[in-house]
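Trainee: Sending over a structure as structure tokens; questions will come in a sec.
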Amino acid sequence: MTPDQIESAVAAAMPQAVEELKRLVAIPSVAFPGHPEEPVLAAAAVTEELLRSVGLHHVQQIPVEGSFPAVYGEAQGPAGAPTVLLYAHYDVQPAGDPANWRTPPFEPTLIDGQLFGRGAADDKSGIISHVTALRAFQGHFPVNIKVIIEGQEEYAGERLEAFVEQNPELLRADAIVVADTGNPKVGDPSVTTSLRGMAAFTIEVRSLKEALHSGSFGGAAPDALAALMRMLTALHDDNGDIRVPGLPRGAFLGQGPSEEEFREVAGVIDGVSLVGSGSLADRLWASYAITVTGLDVPTVSGAVNAVQPVARARVTVRVPPSGDPKTTSEAVMEFLRQVAPWGVQVSFGDLTVGSGFQADSGGKARSALNRAMERAFGRAPRDVGAGGSIPLVNTLLKQFPLAEILLFGAEDEAANIHAPNERLDLEELRRTATTEALFLRELGLPSALGV
């Protein structure tokens with residue numbers, strides 16, 4: 001196929017792609033504990049159906065120990081062609097409070113060329129990007145194709161690690177496309193060359209056998225909630241820099257967003273300053289970040305006049321690519337123990353970790369991607385980092401050190417992933433699927449192989 005034919009085929013497939021994305025987004029495939037399993041399995045079944053529809057020769061669901069099934073597909077290309085592995089995930093973050101959404105989170109809603117709904121961007125857009133790119137070739141692929149779509153990336157994603165290590169030949173490839181990142185803004189092509197790792201844990205503070213009347217005991221009885229708040233605020237100094245020893249600021253060599261761009265995308269309220277030191281690229285992509293992502297305390301509406309005996313928090317630590325998530329979590333937990341006031345009892349649990357990623361200098365696959373992305377977007381891509389984590393990437397890097405790992409996708413920084421009102425720009429989806437299809441063609445050309 002010529003580049004013109006590929007662009008036309010992707011454009012013609014977009015109405016079907018949008019309907020398929022709507023179908024996926026309507027499934028609340030939250031793989032977190034406490035959520036029903038049936039929707040997650042339903043999303044796996046739809047993903048399997050979609051991969052079958054694009055002409056892959058072999059498609060199946062594969063059990064993953066302790067997790068939901070991965071959906072795998074493959075097809076043979078011409079003799080001597082390289083092998084490309086395509087990755088995405090079908091599980092999504094919880095929607096949170098529906099009251100914070102302008103449209104129902106699991107009722108995909110199209111508004112002005114943008115599709116709203118949980119998972120529309122992260123990462124069901126990745127599945128549809130792959131499906132739409134592959135559909136353009138009508139079953140005649142220019143390279144060998146492998147596809148792996150996992151079902152529990154958002155929670156404890158490293159459960160797929162053992163599967164990769166135990167099945168290396170199943171996933172071995174010359175190039176690996178991870179469709180779970182995106183561009184700084186719509187229409188601004190980029191390739192993600194670094195990812196921060198992640199560690200998350202739950203901290204519990206206990207101070208009393210049971211709650212006490214705040215009038216009778218307040219002022220002397222140690223309040224577990226007050227203790228926990230003191231401990232959590234001790235993690236940062238007044239400027240917002242981390243106070244935990246051994247977690248230094250890093251440096252990212254590429255260009256990050258301007259403060260004005262960041263404030264707009266992040267929705268920072270006028271008059272509120274940003275936190276931390278160093279460039280925004282350093283802070284977002286190359287340094288540690290600690291965030292309290294949840295608290296188990298009485299709600300305001302359910303508050304009673306009582307001194308609290310126990311309080312819990314969920315703490316997430318983003319770890320630069322060079323850092324180790326396990327030792328980082330240990331350092332943060334030890335710091336919290338040290339700053340705990342009044343001798344309160346402190347315990348930790350539910351630890352999850354994910355490694356970061358740093359790409360090597362580009363090779364033939366990256367060159368092919370650059371050409372494809374420049375044609376699809378109208379300008380050459382630039383290198384960016386990402387503050388989020390994709391646990392499988394570092395595992396693939398260790399398992400297949402000669403493979404080129406390429407991270408790009410249809411998300412953008414304003415897509416509100418992991419937040420209310422998540423959305424996907426459908427033109428960005430078209431450009432991304434076009435990029436992927438052109439990349440597969442480019443990589444399959446004799447010139448790309450040095451023939």
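The way I read the labels, and the way they are meant: chains A, B, ... in the order of the structure tokens, residue 1 as the first residue of every chain, and ligand 1 as the first ligand shown, with later ones counted on from there.
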Which residues, written as a list of chain:residue names, have at least one atom at most 7 Å from A:Ala410, with only C-alpha atoms counted and residues fewer than 2 positions away on the same chain left out?

Mentor: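 So the residues in contact are A:Ala121, A:Ser125, A:Gly182, A:Asp412, A:Glu428, A:Leu429, A:Thr432.
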
Trainee: Write the selection just made, keeping N, CA and C atoms, as a CSV table (one decimal), in the first residue's frame?

Mentor:
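Listing of out_18.csv after writing:
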```csv
chain,number,residue,atom,x,y,z
A,121,ALA,N,-9.6,7.8,26.6
A,121,ALA,CA,-8.2,8.1,26.3
A,121,ALA,C,-7.3,6.9,26.9
A,125,SER,N,-8.3,4.1,23.8
A,125,SER,CA,-7.9,4.7,22.6
A,125,SER,C,-6.7,3.9,22.0
A,182,GLY,N,0.9,9.9,25.1
A,182,GLY,CA,0.3,10.9,24.2
A,182,GLY,C,1.2,12.1,24.0
A,412,ASP,N,-3.7,13.2,25.2
A,412,ASP,CA,-2.9,14.4,25.3
A,412,ASP,C,-3.0,14.9,26.7
A,428,GLU,N,-7.1,13.4,16.9
A,428,GLU,CA,-5.8,12.9,17.5
A,428,GLU,C,-5.8,11.4,17.3
A,429,LEU,N,-7.0,10.7,17.5
A,429,LEU,CA,-7.1,9.3,17.3
A,429,LEU,C,-6.8,8.9,15.8
A,432,THR,N,-3.1,9.4,15.1
A,432,THR,CA,-2.3,8.3,15.8
A,432,THR,C,-2.4,7.0,15.0
```

Trainee: Env of A:Val71: 10 Å cut, atoms = only C-alpha atoms, seq-sep filter 3 positions within chain, self excluded. Answer as a VMD selection string.

Mentor: chain A and resid 44 to 49 51 59 to 63 68 88 to 90 147 to 151

Trainee: Quick one, how far is atom CA of A:Ala136 from atom CA of A:Ala9?

Mentor: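 Separation between atom CA of A:Ala136 and atom CA of A:Ala9: 5.2 Å.
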
Trainee: Point out the residue among A:Pro36, A:Gly362, A:Pro104, A:Gly356 with the least atom-to-atom distance to A:Glu404, counting only C-alpha atoms.

Mentor: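 Closest candidate: A:Gly362.
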
Trainee: Hey, what's within 7 Å of A:Val307 if we count only C-alpha atoms and toss same-chain stuff fewer than 3 positions away? As a PyMOL selection string, please?

Mentor: chain A and resi 211-214+218+223

Trainee: Mind dumping the selected residues with C-alpha atoms as a short mmCIF file (atom, residue, chain, number, x, y, z; two decimals), in the first residue's frame?

Mentor:
```cif
data_model
loop_
_atom_site.label_atom_id
_atom_site.label_comp_id
_atom_site.auth_asym_id
_atom_site.auth_seq_id
_atom_site.Cartn_x
_atom_site.Cartn_y
_atom_site.Cartn_z
CA ALA A 211 -13.19 7.09 69.48
CA LEU A 212 -13.61 9.53 72.39
CA HIS A 213 -15.90 12.51 72.98
CA SER A 214 -13.93 15.59 71.87
CA GLY A 218 -10.00 16.65 73.45
CA ASP A 223 -5.92 12.25 67.77
#
```

Trainee: Using only C-alpha atoms, which protein or nucleic acid residues come within 12 Å of stretch 414-416 of chain A? Drop anything in the same chain fewer than 3 positions from it, and give the result as a PyMOL selection string.

Mentor: chain A and resi 93+95+101+114-123+125+181-186+261-267+409-411+419-426+428

Trainee: Applying 7 Å and only C-alpha atoms, which residues near A:Val346 remain after dropping the ones on its own chain fewer than 3 positions away? List them as a list in words.

Mentor: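 Within the cut-off, the hits are Glu204, Val205, Arg206 and Arg337 of chain A.
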
Trainee: Select, from A:Ser53, A:Phe217, A:Ala313, A:Ile290, the residue with the minimum atom-to-atom distance to A:Thr328, counting only C-alpha atoms.

Mentor: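 Nearest candidate to A:Thr328 out of A:Ser53, A:Phe217, A:Ala313, A:Ile290: A:Ile290.
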
Trainee: Do you know which residues are at most 9 Å from A:Ser194 counting only C-alpha atoms, after dropping those on the same chain fewer than 4 positions away, and could you put them as a VMD selection string?

Mentor: chain A and resid 285 to 286 320 to 321 356 to 359 383 to 387 407

Trainee: So that I can see what lies close to A:Thr83, please list as a PDB file with N, CA and C atoms, in the first residue's frame the residues with an atom at most 12 Å from it, counting only C-alpha atoms and leaving out residues fewer than 3 positions away in the same chain.

Mentor:
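result-v5.pdb was written with the following content:
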```
ATOM      1  N   GLU A  74      -1.814 -12.525  16.663  1.00  0.00           N
ATOM      2  CA  GLU A  74      -0.619 -12.497  15.838  1.00  0.00           C
ATOM      3  C   GLU A  74      -0.967 -12.774  14.386  1.00  0.00           C
ATOM      4  N   ALA A  75      -0.090 -12.343  13.502  1.00  0.00           N
ATOM      5  CA  ALA A  75      -0.224 -12.616  12.072  1.00  0.00           C
ATOM      6  C   ALA A  75       1.150 -12.560  11.444  1.00  0.00           C
ATOM      7  N   GLN A  76       1.337 -13.385  10.427  1.00  0.00           N
ATOM      8  CA  GLN A  76       2.615 -13.439   9.725  1.00  0.00           C
ATOM      9  C   GLN A  76       2.643 -12.421   8.593  1.00  0.00           C
ATOM     10  N   GLY A  77       3.776 -11.742   8.465  1.00  0.00           N
ATOM     11  CA  GLY A  77       3.998 -10.847   7.347  1.00  0.00           C
ATOM     12  C   GLY A  77       4.867 -11.530   6.303  1.00  0.00           C
ATOM     13  N   PRO A  78       5.463 -10.772   5.405  1.00  0.00           N
ATOM     14  CA  PRO A  78       6.336 -11.355   4.383  1.00  0.00           C
ATOM     15  C   PRO A  78       7.561 -12.026   4.998  1.00  0.00           C
ATOM     16  N   ALA A  79       8.127 -12.946   4.263  1.00  0.00           N
ATOM     17  CA  ALA A  79       9.327 -13.636   4.732  1.00  0.00           C
ATOM     18  C   ALA A  79      10.452 -12.634   4.972  1.00  0.00           C
ATOM     19  N   GLY A  80      11.116 -12.777   6.111  1.00  0.00           N
ATOM     20  CA  GLY A  80      12.222 -11.903   6.460  1.00  0.00           C
ATOM     21  C   GLY A  80      11.828 -10.570   7.046  1.00  0.00           C
ATOM     22  N   LEU A  86       2.470  -4.888  19.500  1.00  0.00           N
ATOM     23  CA  LEU A  86       1.612  -3.751  19.826  1.00  0.00           C
ATOM     24  C   LEU A  86       0.983  -3.984  21.198  1.00  0.00           C
ATOM     25  N   PHE A 141      -0.353  -7.765   6.025  1.00  0.00           N
ATOM     26  CA  PHE A 141       0.486  -6.894   6.836  1.00  0.00           C
ATOM     27  C   PHE A 141       1.911  -6.840   6.296  1.00  0.00           C
ATOM     28  N   PRO A 142       2.543  -5.666   6.355  1.00  0.00           N
ATOM     29  CA  PRO A 142       3.907  -5.528   5.816  1.00  0.00           C
ATOM     30  C   PRO A 142       4.989  -6.063   6.739  1.00  0.00           C
ATOM     31  N   VAL A 143       4.630  -6.368   7.980  1.00  0.00           N
ATOM     32  CA  VAL A 143       5.557  -6.925   8.967  1.00  0.00           C
ATOM     33  C   VAL A 143       4.833  -8.029   9.726  1.00  0.00           C
ATOM     34  N   ASN A 144       5.579  -8.803  10.493  1.00  0.00           N
ATOM     35  CA  ASN A 144       4.953  -9.756  11.408  1.00  0.00           C
ATOM     36  C   ASN A 144       4.337  -8.987  12.565  1.00  0.00           C
ATOM     37  N   ILE A 145       3.116  -9.325  12.920  1.00  0.00           N
ATOM     38  CA  ILE A 145       2.370  -8.592  13.937  1.00  0.00           C
ATOM     39  C   ILE A 145       2.116  -9.477  15.152  1.00  0.00           C
ATOM     40  N   LYS A 146       2.368  -8.919  16.327  1.00  0.00           N
ATOM     41  CA  LYS A 146       1.929  -9.505  17.585  1.00  0.00           C
ATOM     42  C   LYS A 146       1.210  -8.404  18.374  1.00  0.00           C
ATOM     43  N   VAL A 147       0.145  -8.771  19.062  1.00  0.00           N
ATOM     44  CA  VAL A 147      -0.618  -7.808  19.860  1.00  0.00           C
ATOM     45  C   VAL A 147      -0.836  -8.399  21.242  1.00  0.00           C
ATOM     46  N   GLU A 169       9.202 -16.152  23.970  1.00  0.00           N
ATOM     47  CA  GLU A 169       9.062 -16.300  22.520  1.00  0.00           C
ATOM     48  C   GLU A 169       7.713 -15.793  22.034  1.00  0.00           C
ATOM     49  N   LEU A 170       6.703 -15.864  22.884  1.00  0.00           N
ATOM     50  CA  LEU A 170       5.379 -15.392  22.499  1.00  0.00           C
ATOM     51  C   LEU A 170       5.394 -13.902  22.197  1.00  0.00           C
ATOM     52  N   LEU A 171       6.194 -13.135  22.949  1.00  0.00           N
ATOM     53  CA  LEU A 171       6.182 -11.679  22.831  1.00  0.00           C
ATOM     54  C   LEU A 171       7.451 -11.105  22.205  1.00  0.00           C
ATOM     55  N   ARG A 172       8.402 -11.949  21.839  1.00  0.00           N
ATOM     56  CA  ARG A 172       9.653 -11.446  21.285  1.00  0.00           C
ATOM     57  C   ARG A 172       9.390 -10.658  20.003  1.00  0.00           C
ATOM     58  N   ALA A 173      10.037  -9.489  19.888  1.00  0.00           N
ATOM     59  CA  ALA A 173       9.807  -8.635  18.727  1.00  0.00           C
ATOM     60  C   ALA A 173      11.023  -7.760  18.483  1.00  0.00           C
ATOM     61  N   ASP A 174      11.095  -7.212  17.279  1.00  0.00           N
ATOM     62  CA  ASP A 174      12.161  -6.277  16.936  1.00  0.00           C
ATOM     63  C   ASP A 174      11.809  -4.857  17.371  1.00  0.00           C
ATOM     64  N   ALA A 175      10.536  -4.540  17.357  1.00  0.00           N
ATOM     65  CA  ALA A 175      10.055  -3.229  17.791  1.00  0.00           C
ATOM     66  C   ALA A 175       8.772  -3.427  18.578  1.00  0.00           C
ATOM     67  N   ILE A 176       8.598  -2.611  19.614  1.00  0.00           N
ATOM     68  CA  ILE A 176       7.432  -2.714  20.482  1.00  0.00           C
ATOM     69  C   ILE A 176       6.773  -1.342  20.553  1.00  0.00           C
ATOM     70  N   VAL A 177       5.517  -1.273  20.164  1.00  0.00           N
ATOM     71  CA  VAL A 177       4.752  -0.030  20.202  1.00  0.00           C
ATOM     72  C   VAL A 177       3.844  -0.062  21.423  1.00  0.00           C
ATOM     73  N   ALA A 365      13.711   1.484  13.829  1.00  0.00           N
ATOM     74  CA  ALA A 365      12.286   1.624  14.128  1.00  0.00           C
ATOM     75  C   ALA A 365      11.943   3.065  14.485  1.00  0.00           C
ATOM     76  N   ALA A 403      15.316  -4.976  21.391  1.00  0.00           N
ATOM     77  CA  ALA A 403      14.117  -4.420  20.769  1.00  0.00           C
ATOM     78  C   ALA A 403      14.051  -2.912  20.989  1.00  0.00           C
ATOM     79  N   GLU A 404      13.524  -2.197  20.002  1.00  0.00           N
ATOM     80  CA  GLU A 404      13.257  -0.769  20.168  1.00  0.00           C
ATOM     81  C   GLU A 404      11.849  -0.605  20.730  1.00  0.00           C
ATOM     82  N   LEU A 440       4.211   0.910  10.327  1.00  0.00           N
ATOM     83  CA  LEU A 440       4.314  -0.505   9.963  1.00  0.00           C
ATOM     84  C   LEU A 440       4.756  -0.645   8.515  1.00  0.00           C
ATOM     85  N   LEU A 443       8.533   0.387   8.279  1.00  0.00           N
ATOM     86  CA  LEU A 443       9.452  -0.590   8.860  1.00  0.00           C
ATOM     87  C   LEU A 443       9.559  -1.839   7.977  1.00  0.00           C
ATOM     88  N   GLY A 444       8.518  -2.099   7.193  1.00  0.00           N
ATOM     89  CA  GLY A 444       8.546  -3.268   6.324  1.00  0.00           C
ATOM     90  C   GLY A 444       9.215  -3.049   4.995  1.00  0.00           C
ATOM     91  N   LEU A 449      15.205  -2.042   6.353  1.00  0.00           N
ATOM     92  CA  LEU A 449      15.922  -3.232   6.828  1.00  0.00           C
ATOM     93  C   LEU A 449      17.372  -3.230   6.385  1.00  0.00           C
TER      94      LEU A 449
END
```

Trainee: Please determine, counting only C-alpha atoms, which residue among A:Ile390, A:Ala13, A:Leu397, A:Leu253 has the shortest atom-to-atom distance to A:Asp282.

Mentor: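 Residue with the minimum atom-to-atom distance to A:Asp282: A:Leu253.
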
Trainee: Could you check which of A:His236, A:Arg314, A:Lys124, A:Arg366 is closest to A:Thr202, using only C-alpha atoms?

Mentor: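 Of A:His236, A:Arg314, A:Lys124, A:Arg366, the one nearest A:Thr202, counting only C-alpha atoms, is A:Arg314.
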
Trainee: Mind checking DSSP for stretch 59-238 of chain A and telling me the strand (DSSP E) residues as a VMD selection string?

Mentor: chain A and resid 59 to 62 70 to 75 83 to 89 109 to 111 114 to 116 144 to 150 175 to 178 182 to 183 190 to 195 197 to 206 212 to 213

Trainee: Where in stretch 42-281 of chain A does DSSP assign helix (DSSP H, G or I), given as a PyMOL selection string?

Mentor: chain A and resi 42-52+98-100+124-135+157-166+168-171+214-217+224-233+259-266+280-281

Trainee: Let me make sure I understand: among A:Val191, A:Leu21, A:Ala331, A:Val164, which one has the smallest atom-to-atom distance to A:Leu247 if we use only C-alpha atoms?

Mentor: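 The answer is A:Ala331, which sits nearest to A:Leu247.
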
Trainee: Counting only C-alpha atoms, figure out which residue out of A:His58, A:Arg441, A:Arg249, A:Arg312 gets nearest to A:Phe348.

Mentor: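 Result for the nearest residue to A:Phe348: A:Arg312.
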